[in-house]
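Raw contents of coords.cif, mmCIF, C-alpha atoms:
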```cif
data_structure
loop_
_atom_site.label_atom_id
_atom_site.label_comp_id
_atom_site.auth_asym_id
_atom_site.auth_seq_id
_atom_site.Cartn_x
_atom_site.Cartn_y
_atom_site.Cartn_z
CA MET G 677 22.39 74.83 -41.68
CA ALA G 678 21.89 71.09 -41.77
CA LEU G 679 24.65 68.82 -42.95
CA ASN G 680 24.30 66.91 -46.21
CA LEU G 681 25.69 63.68 -47.64
CA GLY G 682 29.43 64.12 -48.04
CA ASP G 683 29.75 66.74 -45.28
CA ILE G 684 31.20 64.19 -42.82
CA ALA G 685 32.80 60.77 -43.19
CA ILE G 686 33.71 58.17 -40.59
CA VAL G 687 37.49 57.65 -40.77
CA GLY G 688 38.15 55.28 -37.88
CA TYR G 689 36.53 52.79 -35.53
CA GLY G 690 37.60 50.54 -32.67
CA ALA G 691 35.51 47.70 -31.24
CA ASP G 692 38.05 46.00 -28.98
CA THR G 693 37.57 46.72 -25.27
CA SER G 694 40.62 48.93 -24.94
CA VAL G 695 39.83 51.09 -27.99
CA LYS G 696 36.03 51.49 -28.17
CA SER G 697 35.85 54.70 -30.15
CA PHE G 698 35.35 56.15 -33.60
CA ALA G 699 36.49 59.19 -35.54
CA PHE G 700 34.92 61.28 -38.26
CA VAL G 701 36.17 64.08 -40.48
CA VAL G 702 34.19 67.22 -41.17
CA LEU G 703 34.40 67.97 -44.91
CA THR G 704 32.66 71.34 -44.95
CA ASP G 705 33.04 74.53 -42.93
CA VAL G 706 30.41 74.58 -40.16
CA ALA G 707 28.67 77.94 -39.65
CA SER G 708 26.50 76.99 -36.66
CA ASP G 709 26.56 74.22 -34.07
CA GLU G 710 25.54 70.94 -35.71
CA VAL G 711 24.36 67.95 -33.68
CA VAL G 712 25.12 64.58 -35.27
CA ASN G 713 23.74 61.30 -33.92
CA PHE G 714 25.76 58.08 -34.17
CA THR G 715 24.02 54.77 -33.50
CA ASP G 716 24.85 51.08 -33.62
CA ASN G 717 21.16 50.23 -34.04
CA GLY G 718 20.94 48.47 -37.38
CA TRP G 719 18.80 49.79 -40.23
CA LEU G 720 15.89 47.57 -41.25
CA SER G 721 15.42 46.86 -44.96
CA ALA G 722 11.78 47.94 -44.61
CA GLY G 723 12.92 51.24 -43.07
CA GLY G 724 13.50 52.32 -39.50
CA PHE G 725 16.08 51.42 -36.89
CA ARG G 726 16.18 48.11 -35.08
CA SER G 727 15.97 48.95 -31.35
CA GLY G 728 18.01 47.78 -28.39
CA GLU G 729 21.41 49.35 -28.93
CA GLY G 730 22.79 52.82 -28.28
CA THR G 731 23.11 56.29 -29.69
CA VAL G 732 25.63 58.98 -28.89
CA THR G 733 25.51 62.59 -30.09
CA SER G 734 28.38 64.83 -31.03
CA THR G 735 28.06 68.57 -31.48
CA ILE G 736 30.28 70.01 -34.18
CA PRO G 737 30.93 73.56 -32.96
CA ALA G 738 30.29 76.61 -35.11
CA GLY G 739 33.52 77.66 -36.78
CA THR G 740 34.82 74.11 -37.27
CA THR G 741 36.69 74.07 -40.56
CA ALA G 742 36.68 71.43 -43.26
CA GLY G 743 39.34 68.82 -42.56
CA THR G 744 38.86 68.68 -38.79
CA VAL G 745 38.87 65.15 -37.38
CA ILE G 746 36.74 64.54 -34.26
CA THR G 747 37.29 61.42 -32.14
CA VAL G 748 34.51 60.09 -29.91
CA THR G 749 35.66 57.86 -27.03
CA GLY G 750 34.17 56.20 -23.95
CA LEU G 751 31.48 54.31 -25.83
CA THR G 752 30.83 51.32 -23.58
CA SER G 753 27.94 52.92 -21.68
CA THR G 754 26.11 54.31 -24.72
CA LEU G 755 27.07 53.07 -28.17
CA ASN G 756 28.97 49.82 -27.66
CA PRO G 757 30.72 48.51 -30.82
CA SER G 758 30.85 44.71 -30.85
CA THR G 759 33.76 42.54 -31.98
CA SER G 760 31.13 40.09 -33.32
CA GLY G 761 29.84 42.55 -35.90
CA ASP G 762 28.31 45.99 -35.65
CA GLN G 763 27.67 49.25 -37.43
CA ILE G 764 27.95 52.96 -36.79
CA ILE G 765 25.39 55.06 -38.62
CA ALA G 766 25.67 58.87 -38.63
CA TYR G 767 22.56 60.99 -39.05
CA GLN G 768 20.94 64.27 -38.11
CA GLY G 769 17.36 64.70 -36.96
CA SER G 770 15.31 62.16 -35.07
CA ALA G 771 15.62 58.39 -35.19
CA SER G 772 12.11 58.25 -36.67
CA SER G 773 13.02 60.68 -39.47
CA PRO G 774 16.82 60.55 -39.94
CA ASN G 775 18.86 62.53 -42.45
CA PHE G 776 21.64 60.00 -43.07
CA LEU G 777 25.21 61.24 -43.49
CA PHE G 778 27.48 58.16 -43.46
CA ALA G 779 27.59 54.55 -42.25
CA ILE G 780 30.11 51.78 -41.62
CA ASP G 781 29.62 48.08 -40.97
CA PHE G 782 32.44 46.06 -39.40
CA ALA G 783 33.76 43.07 -37.47
CA ASP G 784 31.48 40.44 -38.96
CA GLY G 785 34.05 38.67 -41.14
CA ASN G 786 32.84 40.16 -44.42
CA ALA G 787 33.10 43.45 -46.29
CA THR G 788 29.44 44.09 -46.97
CA PHE G 789 26.23 45.11 -45.24
CA ALA G 790 23.55 42.53 -44.49
CA GLY G 791 20.24 42.55 -46.32
CA ASP G 792 18.44 43.45 -43.09
CA ALA G 793 19.03 44.20 -39.40
CA THR G 794 18.11 40.77 -38.07
CA ASN G 795 20.13 41.08 -34.84
CA SER G 796 22.45 43.53 -33.05
CA ASN G 797 25.35 42.61 -35.36
CA THR G 798 23.68 43.38 -38.70
CA SER G 799 22.31 46.29 -40.71
CA ALA G 800 20.97 46.99 -44.15
CA VAL G 801 22.46 49.99 -45.96
CA PRO G 802 20.51 53.00 -44.67
CA THR G 803 18.06 54.57 -47.10
CA GLY G 804 19.74 57.13 -49.34
CA LEU G 805 23.29 55.93 -48.69
CA ALA G 806 25.24 54.01 -51.32
CA PHE G 807 27.45 51.04 -50.51
CA GLY G 808 31.03 51.83 -51.52
CA THR G 809 30.44 55.60 -51.48
CA ASN G 810 29.07 56.69 -48.10
CA ALA G 811 28.30 53.26 -46.62
CA LEU G 812 31.48 51.22 -46.09
CA ALA G 813 32.00 47.71 -44.70
CA PHE G 814 35.10 46.10 -43.21
CA GLU G 815 35.59 42.57 -41.94
CA LEU G 816 37.78 43.33 -38.89
CA ASP G 817 37.22 44.90 -35.42
CA ASN G 818 39.37 48.04 -35.76
CA GLY G 819 40.11 50.27 -38.72
CA ALA G 820 41.43 53.66 -39.72
CA TYR G 821 41.60 55.57 -42.96
CA THR G 822 45.28 55.94 -43.91
CA GLY G 823 44.97 57.36 -47.42
CA SER G 824 45.62 60.83 -48.80
CA LEU G 825 44.61 63.75 -46.62
CA SER G 826 44.50 66.28 -49.43
CA GLY G 827 42.35 66.99 -52.46
CA SER G 828 38.85 68.21 -53.13
CA LYS G 829 35.92 67.06 -51.01
CA ALA G 830 34.89 64.62 -53.76
CA GLU G 831 38.45 63.24 -54.08
CA ILE G 832 38.74 62.75 -50.31
CA LEU G 833 35.38 60.94 -50.15
CA THR G 834 36.42 58.69 -53.05
CA ASN G 835 39.69 57.89 -51.24
CA ILE G 836 37.88 57.17 -47.97
CA ALA G 837 35.53 54.79 -49.83
CA ASN G 838 38.50 52.77 -51.15
CA ALA G 839 39.19 49.88 -48.74
CA ALA G 840 42.83 49.81 -49.90
CA ASN G 841 43.26 53.16 -48.10
CA TRP G 842 42.38 51.69 -44.69
CA THR G 843 44.48 49.88 -42.10
CA LEU G 844 42.54 47.12 -40.35
CA ASN G 845 43.34 45.09 -37.26
CA ASP G 846 41.50 42.32 -35.45
CA SER G 847 42.99 42.68 -31.97
CA ALA G 848 44.39 46.15 -31.29
CA GLY G 849 43.60 49.76 -31.98
CA VAL G 850 44.80 51.66 -35.01
CA THR G 851 45.80 55.32 -35.18
CA TYR G 852 43.09 57.57 -36.56
CA PRO G 853 44.12 60.24 -39.09
CA ALA G 854 45.05 63.74 -38.03
CA SER G 855 43.14 66.66 -39.44
CA PHE G 856 43.06 66.73 -43.22
#
```
Using structure tokens, write down the structure that the file contains.
Amino acid sequence: MALNLGDIAIVGYGADTSVKSFAFVVLTDVASDEVVNFTDNGWLSAGGFRSGEGTVTSTIPAGTTAGTVITVTGLTSTLNPSTSGDQIIAYQGSASSPNFLFAIDFADGNATFAGDATNSNTSAVPTGLAFGTNALAFELDNGAYTGSLSGSKAEILTNIANAANWTLNDSAGVTYPASF
């Protein structure tokens, strides 16, 4: 079983040195091990990833239930979120043929994606993702979803996509949500 749009959502990120990490919530029951790639390589407007940054994989074990939050830490040697602007893009498959699941852009002083990945701090919205639905952007270095943890999958995704349901910080980590 491959994951689909809406099956995971990034619910926290930390770019400051002491908190380099991110968290995602699984929004569907997982029947078999699922490998998800997370990269800070920006997406080019013409298609394809900009090279030069990192990718980390996370295996969601078979039997993981919807609502489980998984935190990925120790990112400095692989995926290294920058306080000058960066992105985390979740996908399955290969980098040359990704099945996008979710993306966030952060720490660049604005709440939008760039038109293109012109440097290591920018990214276009990945193909097939929609800004404000499964591609979110925040202006500060650290953030965590702090909205409602209950509801249908669609309601939870709508809440996650609402910037008012996030706590942001420019200099220190924030607490990621517990399981939903």
Closest atom pairs, residues of stretch 735-826 of chain G within 8 Å of stretch 697-714 of chain G, all atoms listed in the file, as JSON lines:
```
{"residue": "G:Thr735", "atom": "CA", "partner": "G:Val711", "partner_atom": "CA", "distance": 4.3}
{"residue": "G:Ile736", "atom": "CA", "partner": "G:Glu710", "partner_atom": "CA", "distance": 5.1}
{"residue": "G:Pro737", "atom": "CA", "partner": "G:Asp709", "partner_atom": "CA", "distance": 4.6}
{"residue": "G:Ala738", "atom": "CA", "partner": "G:Ser708", "partner_atom": "CA", "distance": 4.1}
{"residue": "G:Gly739", "atom": "CA", "partner": "G:Val706", "partner_atom": "CA", "distance": 5.5}
{"residue": "G:Thr740", "atom": "CA", "partner": "G:Val706", "partner_atom": "CA", "distance": 5.3}
{"residue": "G:Thr741", "atom": "CA", "partner": "G:Asp705", "partner_atom": "CA", "distance": 4.4}
{"residue": "G:Ala742", "atom": "CA", "partner": "G:Thr704", "partner_atom": "CA", "distance": 4.4}
{"residue": "G:Gly743", "atom": "CA", "partner": "G:Leu703", "partner_atom": "CA", "distance": 5.5}
{"residue": "G:Thr744", "atom": "CA", "partner": "G:Val702", "partner_atom": "CA", "distance": 5.4}
{"residue": "G:Val745", "atom": "CA", "partner": "G:Val701", "partner_atom": "CA", "distance": 4.2}
{"residue": "G:Ile746", "atom": "CA", "partner": "G:Phe700", "partner_atom": "CA", "distance": 5.5}
{"residue": "G:Thr747", "atom": "CA", "partner": "G:Ala699", "partner_atom": "CA", "distance": 4.1}
{"residue": "G:Val748", "atom": "CA", "partner": "G:Phe698", "partner_atom": "CA", "distance": 5.5}
{"residue": "G:Thr749", "atom": "CA", "partner": "G:Ser697", "partner_atom": "CA", "distance": 4.4}
{"residue": "G:Gly750", "atom": "CA", "partner": "G:Ser697", "partner_atom": "CA", "distance": 6.6}
{"residue": "G:Leu751", "atom": "CA", "partner": "G:Ser697", "partner_atom": "CA", "distance": 6.2}
{"residue": "G:Leu755", "atom": "CA", "partner": "G:Phe714", "partner_atom": "CA", "distance": 7.9}
{"residue": "G:Ile764", "atom": "CA", "partner": "G:Phe714", "partner_atom": "CA", "distance": 6.2}
{"residue": "G:Ile765", "atom": "CA", "partner": "G:Phe714", "partner_atom": "CA", "distance": 5.4}
{"residue": "G:Ala766", "atom": "CA", "partner": "G:Phe714", "partner_atom": "CA", "distance": 4.5}
{"residue": "G:Tyr767", "atom": "CA", "partner": "G:Asn713", "partner_atom": "CA", "distance": 5.3}
{"residue": "G:Gln768", "atom": "CA", "partner": "G:Val712", "partner_atom": "CA", "distance": 5.1}
{"residue": "G:Gly769", "atom": "CA", "partner": "G:Asn713", "partner_atom": "CA", "distance": 7.8}
```
*Find the residues near G:Phe782: any atom within 9 Å, counting all atoms listed in the file, skip ones fewer than 4 places away on the same chain, and give them as a ChimeraX atom specification.*
/G:689,691,758-764,786-789,797,812-819
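Straight-line separation from atom CA of G:Pro757 to atom CA of G:Asp716: 7.0 Å.
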*Which distance in Å separates atom CA of G:Val850 and atom CA of G:Gly823, to one decimal?*
13.7 Å
List as a compact mmCIF listing (two decimals) with C-alpha atoms, keeping the file's coordinate frame the protein and nucleic acid residues near G:Leu681, meaning an atom at most 8 Å away when only C-alpha atoms are counted, but skip any in the same chain fewer than 4 places from it.
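New file selection06.txt:
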```txt
# COMPACT_ATOMS: atom_id res chain seq x y z
CA PHE G 776 21.64 60.00 -43.07
CA LEU G 777 25.21 61.24 -43.49
CA PHE G 778 27.48 58.16 -43.46
CA ASN G 810 29.07 56.69 -48.10
```
Given the file shown, enumerate the residues that the PyMOL selection byres ((chain G and resi 821) around 7) captures and present them as an mmCIF file with C-alpha atoms, keeping the file's coordinate frame.
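To be explicit, this is the file written out as out-v1.cif:
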```cif
data_model
loop_
_atom_site.group_PDB
_atom_site.id
_atom_site.type_symbol
_atom_site.label_atom_id
_atom_site.label_comp_id
_atom_site.auth_asym_id
_atom_site.auth_seq_id
_atom_site.Cartn_x
_atom_site.Cartn_y
_atom_site.Cartn_z
ATOM 1 C CA VAL G 687 37.490 57.650 -40.770
ATOM 2 C CA GLY G 688 38.150 55.280 -37.880
ATOM 3 C CA GLY G 819 40.110 50.270 -38.720
ATOM 4 C CA ALA G 820 41.430 53.660 -39.720
ATOM 5 C CA THR G 822 45.280 55.940 -43.910
ATOM 6 C CA GLY G 823 44.970 57.360 -47.420
ATOM 7 C CA ILE G 836 37.880 57.170 -47.970
ATOM 8 C CA ASN G 841 43.260 53.160 -48.100
ATOM 9 C CA TRP G 842 42.380 51.690 -44.690
ATOM 10 C CA THR G 843 44.480 49.880 -42.100
ATOM 11 C CA TYR G 852 43.090 57.570 -36.560
ATOM 12 C CA PRO G 853 44.120 60.240 -39.090
#
```
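Restricting the calculation to all atoms listed in the file, the smallest distance between G:Leu833 and any of G:Ile684, G:Ala678, G:Thr752, G:Gly723 is found for G:Ile684.
The space separating atom CA of G:Gly718 from atom CA of G:Ser799 comes to 4.2 Å.
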